[in-house]
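Undergrad: What follows is a structure written as structure tokens; I'll ask about it next.
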Amino acid sequence: MKKFHGAYVAIVTPFIDGRLDEQGFVDLIEFQIAQGTHGIVPCGTTGESATLDFNEHKRVIELTVQTVAGRVPVVAGTGANNTLEAIELTESARESGADAVLSVTPYYNKPNAEGLYQHFKAIAEAVDIPMFLYNVPGRTAINMLPETVARLAEVKNIIGIKEACGSIEQVSDVLRLCPDDFIVLSGDDFTAMPTVLLGGKGVISVISNVYPKGMAELMEAALAGDLAKANALHFRMYPLMKALFCAPNPVPAKAGMELLGKIRSGLPRLPLAPLDASGIDKLRGAMAGLGLI
């Protein structure tokens, strides 16, 4: 598997009594690597980066790099809606030894296309580390258009994008407009297979938390051009993909990890609330359907 290709897990951050569960996090990383995940992405949306303080954020990345110890790539989430904060987190990730960073479009501020370009350009010029852009309009209220992505693809250090717009049309435009070596990763499990079949190189995945082996196999099949196998795996996992979004991410994913016995507590931090009984039933049924529990 080429670097930054395949199934990368947007790994959850476990807490006990509201504090980072470091040993639990180390155990999760070991589980992921043992199950064939191609890379680890700490401090993304699924890692509850929005409720980690600066020290916790930096520690999670540091602990990821130390635990992985070069076995798979680490792409550290370092985005912020304050450009100076994003630069600080990105520099910290570089010092910790991350292989690359993932930088989300600035939420709440709602910059225009030029503001987005200048924000990411400033980060890339300030810190010498490969960077993936992260477009997730459902979370940020901004949709970074393919034309802006194409401009940024020309900036040194910006090597790819996690595209979580949910639109295959937009993914097609990004692939069409950007250089051939620009790495497009799906940001949605639902669009992972079609994104790869169009020319993308993988996914940063939520389902990989609960079923890392399945998503790794799906991406390997899709990247190898084995459409029949990839298609079968996609539809086999589709009910679990849906169940993992029956409540705001990462609430179901953390509940699923607790059901698997992989973390001691699946509780998220406020303002996210725990998964209700109906959601637990949906999740349990989807996991049972795959033989996970």
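Residue numbers start at 1 in each chain; chains themselves are named A, B, ... in the order of the structure tokens; ligands are numbered from 1 in the order shown.
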Going by DSSP on the backbone, which bits of segment 142-244 of chain A are strand (DSSP E or B)? Write them as a PyMOL selection string, please.

TA: chain A and resi 158-163+183-186+202-205

Undergrad: As an MDAnalysis selection string, list the residues of segment 19-75 of chain A assigned to helix (DSSP H, G or I) by DSSP on the backbone atoms of this structure.

TA: chainID A and resid 22:34 49:51 54:68

Undergrad: Near segment 39-54 of chain A, counting only C-alpha atoms, which residues have an atom at most 6 Å away, once you skip same-chain residues fewer than 2 positions from it, shown as a list of chain:residue names?

TA: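 The neighbour list is A:Tyr8, A:Val9, A:Ala10, A:Ile11, A:Val12, A:Thr13, A:Thr37, A:Glu56, A:His57, A:Val72, A:Pro73, A:Val74, A:Val75, A:Ala76, A:Gly77, A:Pro250.
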
Undergrad: The selected residues should be written to file as a PDB file, in the first residue's frame (atoms: N, CA, C and O atoms).

TA:
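out.pdb was written with the following content:
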ATOM      1  N   TYR A   8      -7.720   4.841   6.273  1.00  0.00           N
ATOM      2  CA  TYR A   8      -7.175   5.534   7.445  1.00  0.00           C
ATOM      3  C   TYR A   8      -8.308   5.718   8.450  1.00  0.00           C
ATOM      4  O   TYR A   8      -9.384   6.174   8.087  1.00  0.00           O
ATOM      5  N   VAL A   9      -8.067   5.364   9.695  1.00  0.00           N
ATOM      6  CA  VAL A   9      -9.111   5.485  10.703  1.00  0.00           C
ATOM      7  C   VAL A   9      -9.082   6.881  11.327  1.00  0.00           C
ATOM      8  O   VAL A   9      -8.043   7.366  11.766  1.00  0.00           O
ATOM      9  N   ALA A  10     -10.248   7.529  11.348  1.00  0.00           N
ATOM     10  CA  ALA A  10     -10.425   8.761  12.130  1.00  0.00           C
ATOM     11  C   ALA A  10     -10.692   8.306  13.558  1.00  0.00           C
ATOM     12  O   ALA A  10     -11.844   8.127  13.969  1.00  0.00           O
ATOM     13  N   ILE A  11      -9.641   8.100  14.314  1.00  0.00           N
ATOM     14  CA  ILE A  11      -9.725   7.349  15.558  1.00  0.00           C
ATOM     15  C   ILE A  11     -10.403   8.148  16.671  1.00  0.00           C
ATOM     16  O   ILE A  11     -10.196   9.360  16.805  1.00  0.00           O
ATOM     17  N   VAL A  12     -11.239   7.454  17.453  1.00  0.00           N
ATOM     18  CA  VAL A  12     -11.918   8.095  18.584  1.00  0.00           C
ATOM     19  C   VAL A  12     -10.906   8.366  19.696  1.00  0.00           C
ATOM     20  O   VAL A  12      -9.852   7.740  19.776  1.00  0.00           O
ATOM     21  N   THR A  13     -11.255   9.311  20.563  1.00  0.00           N
ATOM     22  CA  THR A  13     -10.447   9.630  21.745  1.00  0.00           C
ATOM     23  C   THR A  13     -11.202   9.147  22.979  1.00  0.00           C
ATOM     24  O   THR A  13     -12.251   9.698  23.313  1.00  0.00           O
ATOM     25  N   THR A  37      -5.513  -1.678   9.425  1.00  0.00           N
ATOM     26  CA  THR A  37      -5.725  -0.280   9.044  1.00  0.00           C
ATOM     27  C   THR A  37      -4.438   0.297   8.443  1.00  0.00           C
ATOM     28  O   THR A  37      -3.339   0.043   8.938  1.00  0.00           O
ATOM     29  N   GLU A  56      -4.121  18.718  25.606  1.00  0.00           N
ATOM     30  CA  GLU A  56      -4.641  17.389  25.283  1.00  0.00           C
ATOM     31  C   GLU A  56      -4.449  17.082  23.802  1.00  0.00           C
ATOM     32  O   GLU A  56      -4.052  15.971  23.434  1.00  0.00           O
ATOM     33  N   HIS A  57      -4.756  18.059  22.967  1.00  0.00           N
ATOM     34  CA  HIS A  57      -4.636  17.886  21.524  1.00  0.00           C
ATOM     35  C   HIS A  57      -3.204  17.491  21.156  1.00  0.00           C
ATOM     36  O   HIS A  57      -2.981  16.509  20.432  1.00  0.00           O
ATOM     37  N   VAL A  72       2.673   2.532  10.529  1.00  0.00           N
ATOM     38  CA  VAL A  72       1.764   3.069   9.514  1.00  0.00           C
ATOM     39  C   VAL A  72       1.871   4.595   9.586  1.00  0.00           C
ATOM     40  O   VAL A  72       2.324   5.142  10.599  1.00  0.00           O
ATOM     41  N   PRO A  73       1.446   5.302   8.559  1.00  0.00           N
ATOM     42  CA  PRO A  73       1.497   6.764   8.622  1.00  0.00           C
ATOM     43  C   PRO A  73       0.505   7.342   9.633  1.00  0.00           C
ATOM     44  O   PRO A  73      -0.567   6.787   9.869  1.00  0.00           O
ATOM     45  N   VAL A  74       0.901   8.478  10.217  1.00  0.00           N
ATOM     46  CA  VAL A  74       0.045   9.248  11.118  1.00  0.00           C
ATOM     47  C   VAL A  74      -0.264  10.585  10.460  1.00  0.00           C
ATOM     48  O   VAL A  74       0.656  11.343  10.125  1.00  0.00           O
ATOM     49  N   VAL A  75      -1.549  10.855  10.269  1.00  0.00           N
ATOM     50  CA  VAL A  75      -1.995  12.145   9.722  1.00  0.00           C
ATOM     51  C   VAL A  75      -2.751  12.854  10.843  1.00  0.00           C
ATOM     52  O   VAL A  75      -3.876  12.477  11.182  1.00  0.00           O
ATOM     53  N   ALA A  76      -2.138  13.856  11.427  1.00  0.00           N
ATOM     54  CA  ALA A  76      -2.671  14.493  12.633  1.00  0.00           C
ATOM     55  C   ALA A  76      -3.625  15.626  12.300  1.00  0.00           C
ATOM     56  O   ALA A  76      -3.309  16.506  11.489  1.00  0.00           O
ATOM     57  N   GLY A  77      -4.797  15.605  12.933  1.00  0.00           N
ATOM     58  CA  GLY A  77      -5.734  16.708  12.786  1.00  0.00           C
ATOM     59  C   GLY A  77      -5.215  17.945  13.500  1.00  0.00           C
ATOM     60  O   GLY A  77      -4.974  17.914  14.707  1.00  0.00           O
ATOM     61  N   PRO A 250     -18.865  11.589  17.062  1.00  0.00           N
ATOM     62  CA  PRO A 250     -18.576  10.159  17.127  1.00  0.00           C
ATOM     63  C   PRO A 250     -19.366   9.396  18.185  1.00  0.00           C
ATOM     64  O   PRO A 250     -18.889   8.367  18.683  1.00  0.00           O
TER      65      PRO A 250
END

Undergrad: Using only C-alpha atoms, find the one residue out of A:Phe235, A:Leu272, A:Leu89, A:Leu292 that sits nearest to Pro248 of chain A.

TA: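 So, comparing all the options, the nearest one is A:Leu272.
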
Undergrad: Counting only C-alpha atoms, which of A:Ser278, A:Ser265, A:Thr148, A:Gln170 gets nearest to Gly24 of chain A?

TA: A:Ser265

Undergrad: Enter the distance from atom CA of Arg264 of chain A to atom CA of Gly214 of chain A, in Å, rounded to one decimal.

TA: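 That distance, rounded to one decimal, is 23.2 Å.
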
Undergrad: Ranking A:Ala243, A:Met144, A:Val196, A:Ala153 by minimum distance to Glu220 of chain A and counting only C-alpha atoms, which one comes first?

TA: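 Ranked by minimum distance to Glu220 of chain A, first place goes to A:Val196.
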
Undergrad: Hey, what's within 8 Å of Met257 of chain A if we count only C-alpha atoms and toss same-chain stuff fewer than 4 positions away? As a ChimeraX atom specification, please?

TA: /A:209-210,253,261-263,266

Undergrad: Residues within 10 Å of Met219 of chain A, please, as a VMD selection string. Count only C-alpha atoms; anything in the same chain fewer than 4 positions from it doesn't count.

TA: chain A and resid 5 to 8 38 192 to 193 196 201 to 203 214 to 215 223 to 226 230 233 to 234

Undergrad: Give me, as a list in words, all polymer residues having an atom no more than 10 Å from segment 94-96 of chain A, counting only C-alpha atoms and skipping those fewer than 5 positions away in the same chain.

TA: Lys58, Arg59, Ile61, Glu62, Leu63, Thr64, Val65, Gln66, Ala76, Glu88, Leu89, Val101, Val127, Asp128, Ile129 and Pro130 of chain A

Undergrad: Take the residues just selected and output them with all heavy atoms as a compact mmCIF listing (two decimals), in the first residue's frame.

TA:
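The new file part29.txt reads:
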# COMPACT_ATOMS: atom_id res chain seq x y z
N LYS A 58 -2.26 18.23 21.68
CA LYS A 58 -0.85 17.93 21.37
C LYS A 58 -0.43 16.59 21.94
O LYS A 58 0.33 15.84 21.31
CB LYS A 58 0.03 19.06 21.92
CG LYS A 58 -0.19 20.39 21.22
CD LYS A 58 0.61 21.51 21.87
CE LYS A 58 0.37 22.85 21.18
NZ LYS A 58 1.13 23.96 21.82
N ARG A 59 -0.93 16.24 23.12
CA ARG A 59 -0.58 14.97 23.75
C ARG A 59 -1.13 13.79 22.97
O ARG A 59 -0.44 12.77 22.80
CB ARG A 59 -1.09 14.93 25.20
CG ARG A 59 -0.86 13.61 25.92
CD ARG A 59 0.60 13.20 25.95
NE ARG A 59 0.80 11.94 26.64
CZ ARG A 59 1.86 11.16 26.47
NH1 ARG A 59 2.83 11.51 25.63
NH2 ARG A 59 1.97 10.01 27.14
N ILE A 61 -1.67 13.59 19.77
CA ILE A 61 -0.84 13.42 18.57
C ILE A 61 0.51 12.81 18.95
O ILE A 61 0.99 11.87 18.30
CB ILE A 61 -0.67 14.76 17.85
CG1 ILE A 61 -2.02 15.22 17.27
CG2 ILE A 61 0.38 14.65 16.73
CD1 ILE A 61 -2.03 16.64 16.75
N GLU A 62 1.11 13.33 19.98
CA GLU A 62 2.40 12.81 20.44
C GLU A 62 2.30 11.33 20.79
O GLU A 62 3.16 10.52 20.41
CB GLU A 62 2.87 13.62 21.66
CG GLU A 62 4.18 13.14 22.27
CD GLU A 62 4.52 13.91 23.54
OE1 GLU A 62 3.67 13.96 24.45
OE2 GLU A 62 5.64 14.45 23.61
N LEU A 63 1.25 10.96 21.53
CA LEU A 63 1.06 9.58 21.95
C LEU A 63 0.80 8.67 20.74
O LEU A 63 1.27 7.52 20.69
CB LEU A 63 -0.12 9.51 22.93
CG LEU A 63 -0.36 8.20 23.67
CD1 LEU A 63 0.87 7.78 24.46
CD2 LEU A 63 -1.56 8.36 24.62
N THR A 64 0.09 9.19 19.75
CA THR A 64 -0.15 8.42 18.52
C THR A 64 1.15 8.10 17.82
O THR A 64 1.42 6.95 17.45
CB THR A 64 -1.09 9.18 17.58
OG1 THR A 64 -2.31 9.50 18.25
CG2 THR A 64 -1.40 8.35 16.34
N VAL A 65 1.97 9.12 17.62
CA VAL A 65 3.24 8.93 16.92
C VAL A 65 4.14 7.96 17.68
O VAL A 65 4.75 7.05 17.09
CB VAL A 65 3.95 10.29 16.72
CG1 VAL A 65 5.35 10.08 16.14
CG2 VAL A 65 3.13 11.19 15.80
N GLN A 66 4.20 8.11 19.01
CA GLN A 66 5.05 7.23 19.82
C GLN A 66 4.57 5.78 19.73
O GLN A 66 5.38 4.85 19.63
CB GLN A 66 5.03 7.69 21.27
CG GLN A 66 5.78 8.99 21.53
CD GLN A 66 5.60 9.49 22.95
OE1 GLN A 66 4.83 8.93 23.74
NE2 GLN A 66 6.32 10.55 23.30
N ALA A 76 -2.14 13.86 11.43
CA ALA A 76 -2.67 14.49 12.63
C ALA A 76 -3.63 15.63 12.30
O ALA A 76 -3.31 16.51 11.49
CB ALA A 76 -1.52 15.04 13.48
N GLU A 88 0.07 26.84 15.09
CA GLU A 88 0.67 26.32 16.31
C GLU A 88 0.47 24.81 16.44
O GLU A 88 1.40 24.07 16.77
CB GLU A 88 0.09 27.03 17.53
CG GLU A 88 0.67 26.53 18.86
CD GLU A 88 0.09 27.21 20.08
OE1 GLU A 88 -0.44 28.33 19.95
OE2 GLU A 88 0.18 26.63 21.18
N LEU A 89 -0.76 24.34 16.19
CA LEU A 89 -1.03 22.91 16.27
C LEU A 89 -0.26 22.13 15.20
O LEU A 89 0.22 21.02 15.44
CB LEU A 89 -2.53 22.65 16.15
CG LEU A 89 -3.39 23.08 17.33
CD1 LEU A 89 -4.87 22.98 16.97
CD2 LEU A 89 -3.09 22.24 18.57
N VAL A 101 -0.44 16.35 8.18
CA VAL A 101 -1.51 16.93 8.99
C VAL A 101 -2.77 17.05 8.15
O VAL A 101 -2.73 17.02 6.92
CB VAL A 101 -1.13 18.32 9.56
CG1 VAL A 101 0.02 18.19 10.53
CG2 VAL A 101 -0.81 19.31 8.45
N VAL A 127 4.79 25.99 8.16
CA VAL A 127 5.25 24.72 8.72
C VAL A 127 5.56 23.74 7.59
O VAL A 127 4.71 23.47 6.75
CB VAL A 127 4.19 24.09 9.66
CG1 VAL A 127 4.78 22.87 10.37
CG2 VAL A 127 3.69 25.10 10.67
N ASP A 128 6.76 23.20 7.60
CA ASP A 128 7.20 22.30 6.54
C ASP A 128 6.78 20.87 6.85
O ASP A 128 7.55 20.08 7.40
CB ASP A 128 8.72 22.39 6.38
CG ASP A 128 9.22 21.60 5.18
OD1 ASP A 128 8.38 21.24 4.33
OD2 ASP A 128 10.44 21.35 5.09
N ILE A 129 5.54 20.55 6.51
CA ILE A 129 5.00 19.20 6.70
C ILE A 129 3.91 18.98 5.65
O ILE A 129 3.18 19.93 5.32
CB ILE A 129 4.45 19.01 8.13
CG1 ILE A 129 4.07 17.54 8.39
CG2 ILE A 129 3.26 19.93 8.39
CD1 ILE A 129 3.72 17.24 9.84
N PRO A 130 3.78 17.78 5.09
CA PRO A 130 2.70 17.54 4.13
C PRO A 130 1.33 17.80 4.76
O PRO A 130 1.08 17.43 5.91
CB PRO A 130 2.87 16.06 3.77
CG PRO A 130 4.31 15.77 4.05
CD PRO A 130 4.66 16.61 5.24

Undergrad: At what distance in Å, to one decimal, does atom CA of Met241 of chain A lie from atom CA of Asp189 of chain A?

TA: 6.6 Å

Undergrad: Could you state the separation of atom CA of Ala232 of chain A and atom CA of Leu185 of chain A in Å, given to one decimal place?

TA: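 Atom CA of Ala232 of chain A sits 20.5 Å away from atom CA of Leu185 of chain A.
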